[in-house]
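To keep things clear, I will list the structure first and then write my remarks on it.
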Amino acid sequence: MGGLIRVAIIGAGVVGASISRVLSMFEDFEVHLIEKEADVGWGVSKANTGIIHAGYDDEPDLFPLRAKLCAEGNLIWHEWVKDLDIPIRWCGSLVLAFNSEGEKILEELLDRGIRNGVPSLEIIDREKLKMLEPSSSKNATAALWAPTAGQISPWDAVAALVENSIANGVKLHLSTEVRGIKIVEGRISGLETNKSFLEVDCVINAAGLYADKISEMAGVGGYYIKPKKGEYLIFDKDAEPKVSRIIFPTPTPISKGVVVTTTTDGNLMIGPNAQDLPQNLREDKSNTYDGLKFIWESASNLVNKLPPRNKVIRFFAGLRPEPSGGDFIIRDYDEVFGFIEASGMRSPGLTSAPAVAQMILDALKAKFDLNPKLKAGWNRYRRRIKRFSEMTFEERIKAVNENPGYGRIICVDELVAEAEIVEAIRRGATTIDGIKFRTRACMGTCQGSSCTYKVAVILARELNVPLWSVSLKGPGTEIGIGDVKALFKEKNKLEGENQG
Amino acid sequence: MSPIVKDDRVLEFTCIICPMGCRLRATLKDGKVCSVEGNRCPRGIVYAQNEVEPKRILISVVKVIGGNLPVVSVKTSEPMPKEMMPEAMKILSNVTVQAPVKIGQIIIKDFLGLKINVIATRNVDPVQPS
Amino acid sequence: MMGENYDLAIIGGGPSGLASAIRAWKMGVESIVLLEESNFLGGVLPQCIHPGFGLHYFREDLTGPEFAAKLLDQLKSTGVNVLSGSYAEHLEIKSSGEKEISGYMYGRAFKVKCKAVIYAAGCRERSRFEVNILGDRPVGVYTAGEAQTLMDMYGVLPGSEIVVVGSGDVGLIMARRFALEGADVKAVVEVMPYPGGLTRNIVQCLEDFHIPLYLSCMVTEIKGSGRVEGVKIVRVDEKLNPINGSENYLKCNAVILAVGLKPRVELLAKAGALIDEATGGPVVNDWLETTIPGVFAAGNVLVINDLVDYAAEQGERAAESAAKLIHEGLPAFKFKRVVLGRNVRLIVPHLISCIQDVTFYGRVGKPEENVQFRFEEIGRAFKLPIARPSEMFRFKISADDLLRLRDEKIMVNVVKV
C-alpha cells in the first residue's frame, strides 16, 4: 500500500477524538474528523458522570473489551491529562456496602478488579472509610477503595484531544452529517455528507448514539443502539457538605447506580439514573420529575446529608449508547474493506477511549499492512485556555497587563474574563454553548441569566454577524428570530404582496 | 366631538387609581358615561369617564444606524388613543434614525396627526471606531 | 496595579448607587469612588424602557432610561470618580476598620481603600432550575431581564409566540412589549391564585392586549430540544401541588421567566455580613448599616423593591449615614430588634436605635383587605384598604414615637379590622 491512507472518523466525541489524536502521531494517515454538531463533544461525551473508572466493574468473561480497555484506558489517561492539560482530580472512588450481602459483592468486585489488572484495590472498614470520606453515610459497613479512579471534565477532554489533533494536521469538519458511504468493489471509497463528497480509504465509526445507522449505510453491522437516559443534579459551588471522593452504591447487575461526586470545577453532582428509551428517541435529553426524585433519594443514602434542595443550580440529562450485545464493538469487516467499528461505547466508554484508539491503530496496521512512522514534528502537548479564576493574584495582574481583556469580567459567578471568551472563539467556538463548555461562562449560580447576552455580544463582534443570529448550539438555535422589527417586516411584506 | 354612531355600550374594566382595583361597570349613553357601578370611591367615576376613549403612552424602540447600540428607546410625548397603537407600531417599524441620538430628541413630529411627538428616551452615541 | 484612597466607595451604579453617590457628595463627602460592573451606568434602568418610574422621587412619570439620565446629569456636577466596567471581587475589613476593595477592570487590577462602603449591587433573576421547570435545554428560554436587554438595548426579538411565566411586574411588562412588537403572547402563567404585579400593569399590559392570565397554574416542562416548541401547564391546588389530569399544552417558541429576584449578597456574605433569610439581603440597622461596621446596603441588594424610587431613597439614606460616619462617626448603640408578626413576611431595617426617624419597608405574606399594620409596643398603627405580597409597604415612624419603646424588640403585626 503506497501513499497516505485517508481516514474519516465519524463522530468527534471522546472516542473519535482519541482515535484522531493517536492517528495524528503518524505520517501514514490523512485524518478527517467528521462531526454533525456545530462543535465537538456534544453527544454522549457532553453529559455523563465524567469518571475515569479504576476498572473493577466489568466481568472479563462476559464483556472482555469493556474489562480490558477500561483498565488500560485508566493508565493512558494518567499520561494524557498531563500532555493535554485536562482538568482532573485523581481522587479515587469508593463503593459502599451497607450489609453483609453488599460486602460479598465488594469481594466479587475486588476479585474482578484483580483479574482485570487494577492496582491498589482494597476493601476497607468503616473506620478507614470515615477517614477517607468524612461525608460518607454512617450506615455504610465497608467499602471498596479504588485509588486510581479519577474525576475528569469530559468536555475539556474532548476539546483538548481535538485541539491537539488539529495542531498535528487532523482536519475537523463541523456541522457535517454523513448521508452515505461509498463502497467500490468491497472497499471504502468515500463519504457522502450534507456538505460534500469526501474521498477516503477508511471509515472509523465512532458515531455514538447513531453508530448503528452508520453501519447500516456501509451495509454491515447487525447490531443496534439503545439510548439510555441518565439524569443529574448539580449543586452550587458553596453548597455544603462536600465530598472529596467518588462515592458509588453497591452495584446491581443492571447499573453502577447513582453516584455522589464533585466535578473538576468544584460543584457537587449527583446522578445518574438509567432509563431505557425507545430507539427513536436519540435526542431526548429532557429531565423527568420521577428521575430527579429517584436520584435525590438514592444519593441521600450514600452521604450523611445532601445540601438543601435550593442549592441545586441545574439539572440535565445525557444519553448513553447501549449496544445490543452489551460489549463495545471494535472490529472490521471482510466484506467492506476499510470500515472499522468503534461503537457501542457505553460506560466505561470515556475511560476506555484512549485504549480504544490504540486498538483501532492496531486494526489499521493489520488491515493496511502498515508499520506507521511517527511524525517528526508531532506535538504531544496542548495547553488549555488560561482561566482567570484559577490564577494566583500575581498571575492575574500579569495577565491583565499583557491582555487588558482579562480585566473585563463577563461571568461574575465563575469569574470568566472577556479574554478567555475571545480565546475560546479563536480556538473554534462559534456558539454560546461552545463558549460555555470551554470557559464555564453561564455555568454558575445564575445559569447564564446575567451573562448569556454578554457572551452573545462578544460572539457577534468576533464573528462579525448580527447579534440575533448568534446561536446557542448551531443552526436553528439562533438567540433571536430576527431583529426587533422582524415580525412587522414580515407583515409589511405580506401586505405589500397582497396589494401588488 | 359628538359621536357619529349611537354608542350605548356597557364597558367593564378595572380601576387602577388605587391598589383596591375595583371592577367597574360603566353604562354609556350616546358615547357618554351615564352611570358607573362597582366603584368604592368617587375617583372611580372619573376613571371610568376617561376609559371610554382610553389613552396610553406608547413605548417602543426604533432602529439606529451607526450607533453604539442598534436601537433607541422611544415614547410618545403624550398619551395616545389605545386603539391607534397597532397603526403606530407599524409606522415605527419603518423608522430609522442616524446616530448620535439625544435623549428628548424628536423622532417623529405630529405623530399620526395627533399633535404629539415620538421622542427618544436615551442617548445613542456614534459607534467608536475600534 | 492601582491603589487609591477614598472616604467612600459605592459598589453598584444602579439607581440606589447613583442616588447615594449624589447624596453623599451633597453631604460634603469629597472623595467618593463608584464601582460599576457593567460598561454603562444605571443598572437595570436603561433596559426598562416603559414609563412609571420616578413618580415619588422626581415627581415625574419617566421611563427607565430617562430616570437614569436624570441621575447621571446630577452625578456629572459632582466630583465622584466613576470606574465603569470594574468588577469588585473582594471586600476586606482591616483591623483598623479600614475597608479595602480589590478587583479588576479592562486593562488593570485595582485596589480601593476607604472609610465607608455602600453596597448597592442589586439582584439577579432566578433561573428555570430554581423553579423546577423540566425539559431539555432548547434556545428561547430567557429571564425577563435578559429578554428586555436583548430587545430594547440590542434590538433582538427572542420569539414570535410567547409564554410568560410569572405575573410580577416585569413579566407583565414584557408581555406587553412582545405584544407591541407583533408577537403572539399566548399567556401569562402564575402559580399563585392572585397576580404578582400591580393592578395598573394587569390592566395596561394584559387587558389592553387581550393576553390571558392563568392563575393557579404552573409551567412544569418546556418542550423542544433545538428551539422551544411549547410548554406543559398544569393547574395547582391551594397548596400549590399539581392537580392530576389538569395538564395542558401551549405551543410557543419562547418562554420568558419572571420567577423572582435574589439579592446579590455574595461579596457581603464573604466579608462576613449576616444575611436575613426572609429578604435574602443583609441584616441592617436604621442607618442601613450591615453587621459589618461602616458597610451600608441599599436598593435591591437590601430588599427587593417594586419601585425604583424606593431603591433610590434607600441609596440616599445609606449616603447620609455614610457621611455621618465619615464626618463624625456613628454613635454606638444597643439596637432593638424588629420582629415579624402576623402576616408580615419580611421587613427592613432589622435593628433600630430609636433615636431617629425610621422608614420601614416590607411585604405581607398573603393578600388581605382592610388591614391595620400595628406597631403594638409604641401604639402606632397604619390602615390600608388592601395589602398584597406584590406591593411593598412603606411606613415612616418618627423618633418621638420610637422613643416610647421600652422593650428590647418591636413586633409588627398585620391585623384585619
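Every chain in the C-alpha cells takes a letter, A first, then B, and so on in the order presented; its residues are numbered from 1, and the ligands are numbered from 1 following the presented order.
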So that each row is one residue of chain C with an atom at most 7 Å from chain A, can you give its shortest atom pair and the distance in Å to one decimal, using only C-alpha atoms, rows by chain and rising number, as JSON lines?
{"residue": "C:Gly85", "atom": "CA", "partner": "A:Arg408", "partner_atom": "CA", "distance": 6.7}
{"residue": "C:Tyr87", "atom": "CA", "partner": "A:Ile409", "partner_atom": "CA", "distance": 6.5}
{"residue": "C:Tyr104", "atom": "CA", "partner": "A:Gly407", "partner_atom": "CA", "distance": 4.9}
{"residue": "C:Met105", "atom": "CA", "partner": "A:Gly407", "partner_atom": "CA", "distance": 4.4}
{"residue": "C:Tyr106", "atom": "CA", "partner": "A:Gly407", "partner_atom": "CA", "distance": 4.4}
{"residue": "C:Gly107", "atom": "CA", "partner": "A:Pro404", "partner_atom": "CA", "distance": 3.6}
{"residue": "C:Arg108", "atom": "CA", "partner": "A:Val400", "partner_atom": "CA", "distance": 5.6}
{"residue": "C:Ala109", "atom": "CA", "partner": "A:Ile397", "partner_atom": "CA", "distance": 6.2}
{"residue": "C:Glu125", "atom": "CA", "partner": "A:Ser449", "partner_atom": "CA", "distance": 6.7}
{"residue": "C:Arg126", "atom": "CA", "partner": "A:Cys446", "partner_atom": "CA", "distance": 6.8}
{"residue": "C:Ser127", "atom": "CA", "partner": "A:Cys446", "partner_atom": "CA", "distance": 6.3}
{"residue": "C:Phe129", "atom": "CA", "partner": "A:Arg314", "partner_atom": "CA", "distance": 5.2}
{"residue": "C:Glu130", "atom": "CA", "partner": "A:Ile313", "partner_atom": "CA", "distance": 6.7}
{"residue": "C:Leu134", "atom": "CA", "partner": "A:Asn287", "partner_atom": "CA", "distance": 5.4}
{"residue": "C:Gly135", "atom": "CA", "partner": "A:Ser286", "partner_atom": "CA", "distance": 4.1}
{"residue": "C:Asp136", "atom": "CA", "partner": "A:Ser286", "partner_atom": "CA", "distance": 4.0}
{"residue": "C:Val139", "atom": "CA", "partner": "A:Thr477", "partner_atom": "CA", "distance": 5.6}
{"residue": "C:Gly140", "atom": "CA", "partner": "A:Ile479", "partner_atom": "CA", "distance": 6.6}
{"residue": "C:Thr143", "atom": "CA", "partner": "A:Ser449", "partner_atom": "CA", "distance": 6.2}
{"residue": "C:Glu146", "atom": "CA", "partner": "A:Ser449", "partner_atom": "CA", "distance": 6.3}
{"residue": "C:Met151", "atom": "CA", "partner": "A:Val484", "partner_atom": "CA", "distance": 6.0}
{"residue": "C:Gly155", "atom": "CA", "partner": "A:Val484", "partner_atom": "CA", "distance": 4.9}
{"residue": "C:Val156", "atom": "CA", "partner": "A:Asp483", "partner_atom": "CA", "distance": 4.5}
{"residue": "C:Leu157", "atom": "CA", "partner": "A:Val484", "partner_atom": "CA", "distance": 4.4}
{"residue": "C:Pro158", "atom": "CA", "partner": "A:Gly480", "partner_atom": "CA", "distance": 4.1}
{"residue": "C:Gly159", "atom": "CA", "partner": "A:Ile481", "partner_atom": "CA", "distance": 5.7}
{"residue": "C:Glu181", "atom": "CA", "partner": "A:Lys485", "partner_atom": "CA", "distance": 6.6}
{"residue": "C:Gly182", "atom": "CA", "partner": "A:Leu487", "partner_atom": "CA", "distance": 5.9}
{"residue": "C:Gly226", "atom": "CA", "partner": "A:Thr477", "partner_atom": "CA", "distance": 5.7}
{"residue": "C:Arg227", "atom": "CA", "partner": "A:Thr477", "partner_atom": "CA", "distance": 5.8}
Contacts between chain A and chain B, please, where a residue of chain B counts if it comes within 10 Å (with only C-alpha atoms); show its shortest atom pair and distance in Å to one decimal, rows by chain and ascending number, as JSON lines.
{"residue": "B:Ser60", "atom": "CA", "partner": "A:Val484", "partner_atom": "CA", "distance": 9.9}
{"residue": "B:Val61", "atom": "CA", "partner": "A:Val484", "partner_atom": "CA", "distance": 8.3}
{"residue": "B:Val62", "atom": "CA", "partner": "A:Lys485", "partner_atom": "CA", "distance": 8.4}
{"residue": "B:Lys63", "atom": "CA", "partner": "A:Lys485", "partner_atom": "CA", "distance": 8.6}
{"residue": "B:Pro70", "atom": "CA", "partner": "A:Asp483", "partner_atom": "CA", "distance": 9.6}
{"residue": "B:Val71", "atom": "CA", "partner": "A:Val484", "partner_atom": "CA", "distance": 8.8}
{"residue": "B:Met89", "atom": "CA", "partner": "A:Phe488", "partner_atom": "CA", "distance": 8.5}
{"residue": "B:Lys90", "atom": "CA", "partner": "A:Phe488", "partner_atom": "CA", "distance": 6.6}
{"residue": "B:Ile91", "atom": "CA", "partner": "A:Phe488", "partner_atom": "CA", "distance": 9.5}
{"residue": "B:Leu92", "atom": "CA", "partner": "A:Lys485", "partner_atom": "CA", "distance": 8.9}
{"residue": "B:Ser93", "atom": "CA", "partner": "A:Lys485", "partner_atom": "CA", "distance": 5.7}
{"residue": "B:Asn94", "atom": "CA", "partner": "A:Lys489", "partner_atom": "CA", "distance": 8.2}
Write a file of the just-selected residues containing N, CA and C atoms, as a compact mmCIF listing (two decimals), in the first residue's frame.
# COMPACT_ATOMS: atom_id res chain seq x y z
N SER B 60 -41.64 52.04 22.64
CA SER B 60 -41.06 51.05 21.74
C SER B 60 -39.59 51.41 21.53
N VAL B 61 -38.99 50.79 20.52
CA VAL B 61 -37.65 51.18 20.10
C VAL B 61 -37.69 51.39 18.59
N VAL B 62 -36.79 52.22 18.08
CA VAL B 62 -36.63 52.33 16.63
C VAL B 62 -35.16 52.09 16.30
N LYS B 63 -34.95 51.69 15.05
CA LYS B 63 -33.59 51.33 14.63
C LYS B 63 -32.68 52.55 14.50
N PRO B 70 -27.90 49.27 18.53
CA PRO B 70 -28.61 49.22 17.25
C PRO B 70 -30.02 49.80 17.29
N VAL B 71 -30.55 50.06 18.49
CA VAL B 71 -31.89 50.64 18.61
C VAL B 71 -31.87 51.75 19.67
N MET B 89 -47.38 51.33 15.84
CA MET B 89 -46.24 50.41 15.86
C MET B 89 -45.76 50.09 14.45
N LYS B 90 -46.72 50.00 13.53
CA LYS B 90 -46.36 49.71 12.14
C LYS B 90 -45.49 50.83 11.57
N ILE B 91 -45.87 52.04 11.88
CA ILE B 91 -45.08 53.18 11.39
C ILE B 91 -43.68 53.15 12.00
N LEU B 92 -43.63 52.91 13.32
CA LEU B 92 -42.32 52.90 13.99
C LEU B 92 -41.41 51.79 13.45
N SER B 93 -42.00 50.71 12.95
CA SER B 93 -41.18 49.61 12.44
C SER B 93 -40.41 50.02 11.18
N ASN B 94 -40.87 51.08 10.53
CA ASN B 94 -40.19 51.52 9.30
C ASN B 94 -39.28 52.73 9.52
Set the distance at 9 Å and use only C-alpha atoms: which residues neighbour range 294-307 of chain C once local chain neighbours fewer than 5 positions away are removed? I'd like the list as JSON, numbers by chain. {"C": [14, 15, 16, 17, 20, 52, 53, 54, 97, 98, 99, 115, 116, 117, 118, 119, 120, 121, 122, 123, 169, 261, 262, 263, 264, 265, 268, 273, 279, 280, 281, 282, 283, 284, 287, 288, 289, 312, 313, 314, 315, 316, 317, 318, 319, 321, 322, 325, 326, 330, 346, 347, 348, 361, 362, 390, 391, 392]}
Residues of chain B within 7 Å of chain C, counting only C-alpha atoms - could you list those as a compact mmCIF listing (two decimals) with N, CA and C atoms, in the first residue's frame?
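Written out: selection01.txt:
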# COMPACT_ATOMS: atom_id res chain seq x y z
N THR B 14 -61.06 47.47 35.07
CA THR B 14 -60.55 47.54 36.43
C THR B 14 -60.00 48.93 36.69
N ILE B 16 -57.61 51.58 38.19
CA ILE B 16 -56.20 51.47 38.63
C ILE B 16 -55.74 52.69 39.42
N PRO B 19 -54.72 50.79 44.90
CA PRO B 19 -54.47 49.34 44.88
C PRO B 19 -55.73 48.47 45.03
N MET B 20 -56.88 49.08 45.38
CA MET B 20 -58.09 48.28 45.55
C MET B 20 -58.48 47.56 44.27
N GLY B 21 -58.26 48.19 43.13
CA GLY B 21 -58.58 47.57 41.85
C GLY B 21 -60.05 47.25 41.67
N ILE B 59 -44.71 53.04 24.10
CA ILE B 59 -43.24 52.89 24.18
C ILE B 59 -42.79 51.81 23.20
N VAL B 61 -38.99 50.79 20.52
CA VAL B 61 -37.65 51.18 20.10
C VAL B 61 -37.69 51.39 18.59
N LEU B 69 -25.43 51.39 20.04
CA LEU B 69 -26.49 50.41 20.20
C LEU B 69 -27.32 50.42 18.91
N PRO B 70 -27.90 49.27 18.53
CA PRO B 70 -28.61 49.22 17.25
C PRO B 70 -30.02 49.80 17.29
N VAL B 71 -30.55 50.06 18.49
CA VAL B 71 -31.89 50.64 18.61
C VAL B 71 -31.87 51.75 19.67
N SER B 73 -34.60 53.65 22.46
CA SER B 73 -35.93 53.58 23.05
C SER B 73 -36.66 54.90 22.82
N MET B 89 -47.38 51.33 15.84
CA MET B 89 -46.24 50.41 15.86
C MET B 89 -45.76 50.09 14.45
N THR B 121 -35.85 58.33 24.28
CA THR B 121 -35.74 58.35 25.74
C THR B 121 -34.34 57.97 26.22
N ARG B 122 -33.39 57.86 25.29
CA ARG B 122 -32.00 57.68 25.73
C ARG B 122 -31.05 58.27 24.68
- Task: Using DSSP on the backbone coordinates, identify all residues within chain B classified as alpha helix (DSSP H); present the result as a list in words.
- Result: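 Of chain B, only Arg43, Gly44, Ile45, Val46, Tyr47, Ala48, Gln49, Asn50, Glu51, Met85, Pro86, Glu87, Ala88, Met89, Lys90, Ile91, Leu92 and Ser93 of chain B fall in alpha helix (DSSP H).
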Please produce a file of the residues just selected, as a PDB file, in the first residue's frame, where the atoms kept are C-alpha atoms.
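Here's the written file part17.pdb:
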ATOM      1  CA  ARG B  43     -62.405  58.632  41.774  1.00  0.00           C
ATOM      2  CA  GLY B  44     -63.745  55.516  40.069  1.00  0.00           C
ATOM      3  CA  ILE B  45     -66.285  57.593  38.166  1.00  0.00           C
ATOM      4  CA  VAL B  46     -63.630  59.933  36.790  1.00  0.00           C
ATOM      5  CA  TYR B  47     -61.514  56.957  35.839  1.00  0.00           C
ATOM      6  CA  ALA B  48     -64.468  55.356  34.032  1.00  0.00           C
ATOM      7  CA  GLN B  49     -65.124  58.543  32.084  1.00  0.00           C
ATOM      8  CA  ASN B  50     -61.516  58.634  30.876  1.00  0.00           C
ATOM      9  CA  GLU B  51     -61.503  54.971  29.930  1.00  0.00           C
ATOM     10  CA  MET B  85     -51.371  51.610  18.814  1.00  0.00           C
ATOM     11  CA  PRO B  86     -51.129  48.873  16.154  1.00  0.00           C
ATOM     12  CA  GLU B  87     -51.011  51.509  13.412  1.00  0.00           C
ATOM     13  CA  ALA B  88     -48.446  53.471  15.410  1.00  0.00           C
ATOM     14  CA  MET B  89     -46.240  50.407  15.864  1.00  0.00           C
ATOM     15  CA  LYS B  90     -46.360  49.708  12.140  1.00  0.00           C
ATOM     16  CA  ILE B  91     -45.081  53.184  11.388  1.00  0.00           C
ATOM     17  CA  LEU B  92     -42.321  52.899  13.994  1.00  0.00           C
ATOM     18  CA  SER B  93     -41.179  49.610  12.441  1.00  0.00           C
TER      19      SER B  93
END
Just checking: using only C-alpha atoms, which residue out of A:Asn280, A:Ala159, A:Glu30, A:Lys68 ends up closest to Arg384 in chain A?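 Checking each candidate against Arg384 in chain A, we get A:Ala159 as the closest.
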Open item on the list: Just list as number ranges by chain whatever in range 163-324 of chain C DSSP marks as strand (DSSP E or B).
Closed with: C: 163-165, 184-189, 213-214, 217-223, 227, 230-236, 242, 248-251, 254-257, 261-263, 275, 282, 289, 295-297
List as JSON, numbers by chain the protein and nucleic acid residues near Ala366 in chain A, meaning an atom at most 12 Å away when only C-alpha atoms are counted, but skip any in the same chain fewer than 6 places from it. {"A": [1, 331, 332, 337, 338, 340, 359, 360, 372]}
